[in-house]
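Asks: Here you go, this is work.txt (compact mmCIF, C-alpha atoms).
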# COMPACT_ATOMS: atom_id res chain seq x y z
CA ASP A 1 -61.89 -68.80 9.45
CA ALA A 2 -59.56 -66.24 7.98
CA GLY A 3 -55.94 -67.18 7.81
CA VAL A 4 -52.99 -64.82 7.82
CA ILE A 5 -53.70 -61.91 5.50
CA GLN A 6 -50.97 -60.10 3.62
CA SER A 7 -51.10 -57.07 1.37
CA PRO A 8 -50.29 -56.25 -1.28
CA ARG A 9 -49.97 -59.64 -2.97
CA HIS A 10 -47.70 -58.19 -5.64
CA GLU A 11 -45.59 -55.06 -5.57
CA VAL A 12 -43.42 -53.66 -8.33
CA THR A 13 -41.37 -50.61 -7.50
CA GLU A 14 -38.29 -48.79 -8.61
CA MET A 15 -34.98 -48.77 -6.84
CA GLY A 16 -34.83 -46.15 -4.13
CA GLN A 17 -38.53 -46.16 -3.37
CA GLU A 18 -40.00 -47.03 0.01
CA VAL A 19 -41.93 -50.27 0.22
CA THR A 20 -44.36 -51.22 2.99
CA LEU A 21 -45.65 -54.75 3.37
CA ARG A 22 -48.60 -55.46 5.64
CA CYS A 23 -49.73 -58.45 7.65
CA LYS A 24 -52.77 -59.33 9.72
CA PRO A 25 -52.16 -62.44 11.86
CA ILE A 26 -54.77 -65.01 12.75
CA SER A 27 -57.00 -63.69 15.50
CA GLY A 28 -55.84 -64.90 18.90
CA HIS A 29 -52.30 -65.61 17.79
CA ASN A 30 -49.67 -63.91 19.92
CA SER A 31 -46.58 -64.48 17.79
CA LEU A 32 -45.82 -63.11 14.35
CA PHE A 33 -42.94 -63.88 12.01
CA TRP A 34 -41.60 -62.23 8.85
CA TYR A 35 -39.74 -64.41 6.34
CA ARG A 36 -38.12 -63.78 2.98
CA GLN A 37 -37.79 -66.42 0.25
CA THR A 38 -35.41 -66.25 -2.69
CA MET A 39 -34.08 -68.87 -5.06
CA MET A 40 -30.53 -68.30 -3.85
CA ARG A 41 -31.07 -68.24 -0.09
CA GLY A 42 -34.33 -70.14 0.39
CA LEU A 43 -36.69 -69.22 3.21
CA GLU A 44 -35.11 -67.05 5.88
CA LEU A 45 -36.53 -65.66 9.12
CA LEU A 46 -36.13 -61.89 9.27
CA ILE A 47 -37.76 -60.96 12.57
CA TYR A 48 -40.38 -62.19 14.98
CA PHE A 49 -42.64 -60.68 17.60
CA ASN A 50 -44.34 -62.04 20.67
CA ASN A 51 -47.18 -60.06 22.21
CA ASN A 52 -46.30 -57.19 19.85
CA VAL A 53 -42.72 -57.02 21.13
CA PRO A 54 -39.80 -57.78 18.79
CA ILE A 55 -37.95 -60.81 20.13
CA ASP A 56 -35.25 -61.48 17.57
CA ASP A 57 -34.36 -59.26 14.61
CA SER A 58 -31.00 -60.87 13.87
CA GLY A 59 -32.24 -61.94 10.46
CA MET A 60 -32.97 -58.42 9.26
CA PRO A 61 -30.44 -57.89 6.47
CA GLU A 62 -29.56 -54.26 7.11
CA ASP A 63 -30.79 -50.93 8.39
CA ARG A 64 -32.90 -50.39 5.32
CA PHE A 65 -35.31 -52.95 6.74
CA SER A 66 -37.59 -52.21 9.69
CA ALA A 67 -40.63 -53.93 11.15
CA LYS A 68 -43.30 -52.84 13.56
CA MET A 69 -46.25 -54.39 15.32
CA PRO A 70 -48.33 -51.56 16.76
CA ASN A 71 -51.11 -53.91 17.91
CA ALA A 72 -52.03 -57.56 18.03
CA SER A 73 -53.76 -57.52 14.65
CA PHE A 74 -51.32 -55.66 12.44
CA SER A 75 -47.66 -55.64 11.47
CA THR A 76 -45.61 -53.91 8.79
CA LEU A 77 -42.28 -54.60 7.16
CA LYS A 78 -40.74 -51.54 5.56
CA ILE A 79 -37.82 -51.29 3.16
CA GLN A 80 -36.36 -47.83 2.62
CA PRO A 81 -34.71 -47.33 0.21
CA SER A 82 -35.43 -50.49 -1.78
CA GLU A 83 -32.80 -52.16 -3.97
CA PRO A 84 -33.08 -54.76 -6.77
CA ARG A 85 -31.55 -57.41 -4.50
CA ASP A 86 -34.56 -57.04 -2.19
CA SER A 87 -36.72 -58.71 -4.84
CA ALA A 88 -38.20 -61.79 -3.20
CA VAL A 89 -41.39 -63.26 -1.78
CA TYR A 90 -42.03 -62.00 1.73
CA PHE A 91 -44.13 -64.22 3.96
CA CYS A 92 -45.77 -63.40 7.24
CA ALA A 93 -46.65 -66.22 9.63
CA SER A 94 -48.40 -66.36 12.98
CA SER A 95 -48.68 -68.86 15.82
CA LEU A 96 -50.44 -69.09 19.14
CA GLY A 97 -47.18 -68.60 20.95
CA LEU A 98 -43.54 -69.63 21.06
CA GLU A 99 -43.94 -73.19 22.28
CA ASP A 100 -42.52 -76.00 20.13
CA THR A 101 -46.03 -77.26 19.55
CA ASP A 102 -47.37 -73.93 18.31
CA THR A 103 -47.67 -74.39 14.57
CA GLN A 104 -46.77 -71.45 12.37
CA TYR A 105 -49.38 -70.62 9.73
CA PHE A 106 -48.14 -68.72 6.73
CA GLY A 107 -49.88 -66.03 4.74
CA PRO A 108 -49.98 -66.12 0.93
CA GLY A 109 -46.93 -63.87 0.65
CA THR A 110 -46.11 -60.61 -1.08
CA ARG A 111 -44.10 -60.93 -4.28
CA LEU A 112 -41.82 -57.89 -4.42
CA THR A 113 -39.98 -56.83 -7.54
CA VAL A 114 -37.58 -53.91 -7.34
CA LEU A 115 -36.52 -52.61 -10.74
CA ARG B 116 -22.35 -75.10 6.06
CA LYS B 117 -26.11 -74.59 6.12
CA GLU B 118 -27.93 -75.51 9.33
CA VAL B 119 -30.39 -77.73 7.46
CA GLU B 120 -29.34 -79.47 4.27
CA GLN B 121 -31.45 -81.30 1.74
CA ASP B 122 -30.98 -82.83 -1.68
CA PRO B 123 -32.74 -80.31 -3.98
CA GLY B 124 -33.78 -83.01 -6.46
CA PRO B 125 -35.90 -83.00 -8.49
CA PHE B 126 -37.17 -86.46 -7.78
CA ASN B 127 -39.20 -87.63 -10.77
CA VAL B 128 -41.31 -90.67 -9.88
CA PRO B 129 -44.29 -92.48 -11.42
CA GLU B 130 -47.64 -92.60 -9.69
CA GLY B 131 -47.75 -95.34 -7.10
CA ALA B 132 -44.03 -95.24 -6.38
CA THR B 133 -42.46 -94.97 -2.95
CA VAL B 134 -40.05 -92.08 -2.53
CA ALA B 135 -37.83 -91.05 0.37
CA PHE B 136 -36.27 -87.69 1.20
CA ASN B 137 -33.43 -87.14 3.60
CA CYS B 138 -32.26 -84.14 5.50
CA THR B 139 -29.39 -83.41 7.88
CA TYR B 140 -29.08 -80.70 10.49
CA SER B 141 -25.98 -79.28 12.11
CA ASN B 142 -27.29 -77.62 15.28
CA SER B 143 -27.42 -80.29 17.97
CA ALA B 144 -29.48 -77.88 20.08
CA SER B 145 -32.37 -78.16 17.64
CA GLN B 146 -35.36 -79.25 19.62
CA SER B 147 -38.07 -80.19 17.18
CA PHE B 148 -38.34 -80.99 13.52
CA PHE B 149 -41.00 -80.73 10.84
CA TRP B 150 -41.71 -81.32 7.21
CA TYR B 151 -43.50 -78.50 5.39
CA ARG B 152 -44.94 -78.72 1.92
CA GLN B 153 -44.85 -75.80 -0.53
CA ASP B 154 -46.75 -75.82 -3.79
CA CYS B 155 -45.55 -73.67 -6.68
CA ARG B 156 -46.05 -69.96 -5.92
CA LYS B 157 -47.87 -70.76 -2.67
CA GLU B 158 -47.05 -70.49 1.01
CA PRO B 159 -45.44 -73.31 3.01
CA LYS B 160 -47.85 -75.51 4.97
CA LEU B 161 -47.07 -77.90 7.79
CA LEU B 162 -47.14 -81.50 6.57
CA MET B 163 -46.12 -83.27 9.76
CA SER B 164 -43.97 -83.11 12.83
CA VAL B 165 -41.06 -85.52 13.23
CA TYR B 166 -40.48 -87.52 16.39
CA SER B 167 -37.64 -89.82 17.45
CA SER B 168 -40.07 -92.69 17.70
CA GLY B 169 -41.17 -92.08 14.12
CA ASN B 170 -44.64 -91.04 13.13
CA GLU B 171 -47.01 -91.92 10.36
CA ASP B 172 -49.85 -90.02 8.78
CA GLY B 173 -51.55 -92.02 6.07
CA ARG B 174 -49.08 -92.51 3.24
CA PHE B 175 -46.45 -90.34 4.94
CA THR B 176 -43.87 -91.54 7.46
CA ALA B 177 -41.33 -89.30 9.14
CA GLN B 178 -38.33 -90.39 11.17
CA LEU B 179 -35.72 -88.61 13.29
CA ASN B 180 -32.29 -89.95 14.20
CA ARG B 181 -30.75 -87.59 16.76
CA ALA B 182 -27.46 -89.49 16.98
CA SER B 183 -26.85 -89.00 13.26
CA GLN B 184 -28.68 -85.65 13.10
CA TYR B 185 -30.74 -87.00 10.27
CA ILE B 186 -34.42 -86.68 9.32
CA SER B 187 -36.35 -88.58 6.70
CA LEU B 188 -39.72 -88.48 4.97
CA LEU B 189 -41.17 -91.49 3.17
CA ILE B 190 -44.12 -91.17 0.81
CA ARG B 191 -45.84 -94.37 -0.25
CA ASP B 192 -48.17 -94.82 -3.21
CA SER B 193 -47.32 -91.40 -4.66
CA LYS B 194 -50.15 -89.35 -6.13
CA LEU B 195 -49.99 -86.65 -8.77
CA SER B 196 -51.15 -84.24 -6.08
CA ASP B 197 -48.01 -84.99 -4.03
CA SER B 198 -45.98 -82.98 -6.54
CA ALA B 199 -44.53 -80.08 -4.55
CA THR B 200 -41.42 -78.89 -2.76
CA TYR B 201 -40.83 -80.53 0.62
CA LEU B 202 -39.06 -78.39 3.19
CA CYS B 203 -37.16 -79.91 6.09
CA VAL B 204 -37.37 -77.63 9.12
CA ALA B 205 -35.58 -77.48 12.47
CA LEU B 206 -36.86 -75.55 15.46
CA VAL B 207 -33.93 -73.97 17.25
CA TYR B 208 -35.49 -72.05 20.13
CA GLY B 209 -38.45 -69.84 20.85
CA ASN B 210 -40.35 -71.28 17.90
CA LYS B 211 -37.59 -70.03 15.58
CA LEU B 212 -37.71 -72.20 12.45
CA VAL B 213 -34.73 -72.88 10.21
CA PHE B 214 -35.70 -74.13 6.77
CA GLY B 215 -33.79 -76.33 4.37
CA ALA B 216 -33.70 -75.31 0.73
CA GLY B 217 -36.34 -77.88 -0.15
CA THR B 218 -36.59 -81.04 -2.24
CA ILE B 219 -38.66 -80.95 -5.41
CA LEU B 220 -40.92 -83.92 -6.07
CA ARG B 221 -42.62 -84.49 -9.41
CA VAL B 222 -45.05 -87.36 -9.66
CA LYS B 223 -45.93 -88.31 -13.20
CA SER B 224 -48.68 -90.46 -14.64
Written as structure tokens, how would this file's structure read?
Replies:
Amino acid sequence: DAGVIQSPRHEVTEMGQEVTLRCKPISGHNSLFWYRQTMMRGLELLIYFNNNVPIDDSGMPEDRFSAKMPNASFSTLKIQPSEPRDSAVYFCASSLGLEDTDTQYFGPGTRLTVL
Amino acid sequence: RKEVEQDPGPFNVPEGATVAFNCTYSNSASQSFFWYRQDCRKEPKLLMSVYSSGNEDGRFTAQLNRASQYISLLIRDSKLSDSATYLCVALVYGNKLVFGAGTILRVKS
């Protein structure tokens, strides 16, 4: 069975450019999470959706970041304009729902480098 | 203060050793706890859930002490393949996970 799929796996861009990260959750999962991992701050939750609706975006660092989930099988995280401090690994995760027992399964991540 | 704190290590142990990791959490409203494992340049994967009564999965034992807000992971008979970063995780609400910074384990032959 396919797990969480993320694209691209690696992205190198220049400061000021728009970056779009993509995620396909596991089929049948109703909840989707975007995380960012850096050496300094570790793994942080940015935003999560349930049934395609954003539930909590308090982790989104600033207005340059936006996320959408137009349907149950696709989500995007967009950074516009990008800055060098946005360089990190961005993970998408999905779960059946929001119960404590609903395990989150992570995708392989997108390694973003902003020059 | 971070919500979930761990000793970053690294813990360097020989094969066959027993090693223990500890973790503390500050949010008393945290409902559930987990240990995730992350290999170098890979995604985190759930290792095990942590219950107050303690739970065991093969060579791994996890324990939760709510009174002290303390979580532990014990690995017995360490294998080379156990080398990884172990992330202590608290579930706050609505399946919202808060991750510790991770503890690095290196098992050497």
Asks: Compile the residues of chain A that lie within 6 Å of chain B, evaluated using all atoms listed in the file, and express the compilation as a count of residues only.
Replies: 5
Asks: Quick one, how far is atom CA of A:Lys24 from atom CA of B:Ala199?
Replies: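 Calculated distance between atom CA of A:Lys24 and atom CA of B:Ala199 is 26.5 Å.
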Asks: Using only the atoms of stretch 184-194 of chain B listed in the file, plus 6 Å on each side, state the axis-aligned box centre and edge lengths in Å rounded to one decimal, as AutoDock Vina command-line options.
Replies:
--center_x -39.4 --center_y -90.2 --center_z 3.5 --size_x 33.5 --size_y 21.2 --size_z 31.2
Asks: Work out how far atom CA of A:Pro8 is from atom CA of A:Met40, in Å to one decimal.
Replies: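 One can read the atom CA of A:Met40 to atom CA of A:Pro8 distance as 23.3 Å.
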Asks: What's the separation between atom CA of B:Ser193 and atom CA of B:Thr133, in Å to one decimal place?
Replies: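 Atom CA of B:Thr133 lies 6.3 Å from atom CA of B:Ser193.
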Asks: List as a PDB file with C-alpha atoms, in the frame of the given file the protein and nucleic acid residues near B:Ile186, meaning an atom at most 12 Å away when only C-alpha atoms are counted, but skip any in the same chain fewer than 4 places from it.
Replies:
ATOM      1  CA  VAL B 119     -30.390 -77.730   7.460  1.00  0.00           C
ATOM      2  CA  GLU B 120     -29.340 -79.470   4.270  1.00  0.00           C
ATOM      3  CA  GLN B 121     -31.450 -81.300   1.740  1.00  0.00           C
ATOM      4  CA  ALA B 135     -37.830 -91.050   0.370  1.00  0.00           C
ATOM      5  CA  PHE B 136     -36.270 -87.690   1.200  1.00  0.00           C
ATOM      6  CA  ASN B 137     -33.430 -87.140   3.600  1.00  0.00           C
ATOM      7  CA  CYS B 138     -32.260 -84.140   5.500  1.00  0.00           C
ATOM      8  CA  THR B 139     -29.390 -83.410   7.880  1.00  0.00           C
ATOM      9  CA  TYR B 140     -29.080 -80.700  10.490  1.00  0.00           C
ATOM     10  CA  SER B 141     -25.980 -79.280  12.110  1.00  0.00           C
ATOM     11  CA  SER B 147     -38.070 -80.190  17.180  1.00  0.00           C
ATOM     12  CA  PHE B 148     -38.340 -80.990  13.520  1.00  0.00           C
ATOM     13  CA  PHE B 149     -41.000 -80.730  10.840  1.00  0.00           C
ATOM     14  CA  TRP B 150     -41.710 -81.320   7.210  1.00  0.00           C
ATOM     15  CA  SER B 164     -43.970 -83.110  12.830  1.00  0.00           C
ATOM     16  CA  VAL B 165     -41.060 -85.520  13.230  1.00  0.00           C
ATOM     17  CA  TYR B 166     -40.480 -87.520  16.390  1.00  0.00           C
ATOM     18  CA  SER B 167     -37.640 -89.820  17.450  1.00  0.00           C
ATOM     19  CA  SER B 168     -40.070 -92.690  17.700  1.00  0.00           C
ATOM     20  CA  GLY B 169     -41.170 -92.080  14.120  1.00  0.00           C
ATOM     21  CA  ASN B 170     -44.640 -91.040  13.130  1.00  0.00           C
ATOM     22  CA  THR B 176     -43.870 -91.540   7.460  1.00  0.00           C
ATOM     23  CA  ALA B 177     -41.330 -89.300   9.140  1.00  0.00           C
ATOM     24  CA  GLN B 178     -38.330 -90.390  11.170  1.00  0.00           C
ATOM     25  CA  LEU B 179     -35.720 -88.610  13.290  1.00  0.00           C
ATOM     26  CA  ASN B 180     -32.290 -89.950  14.200  1.00  0.00           C
ATOM     27  CA  ARG B 181     -30.750 -87.590  16.760  1.00  0.00           C
ATOM     28  CA  ALA B 182     -27.460 -89.490  16.980  1.00  0.00           C
ATOM     29  CA  LEU B 202     -39.060 -78.390   3.190  1.00  0.00           C
ATOM     30  CA  CYS B 203     -37.160 -79.910   6.090  1.00  0.00           C
ATOM     31  CA  VAL B 204     -37.370 -77.630   9.120  1.00  0.00           C
ATOM     32  CA  ALA B 205     -35.580 -77.480  12.470  1.00  0.00           C
ATOM     33  CA  GLY B 215     -33.790 -76.330   4.370  1.00  0.00           C
TER      34      GLY B 215
END
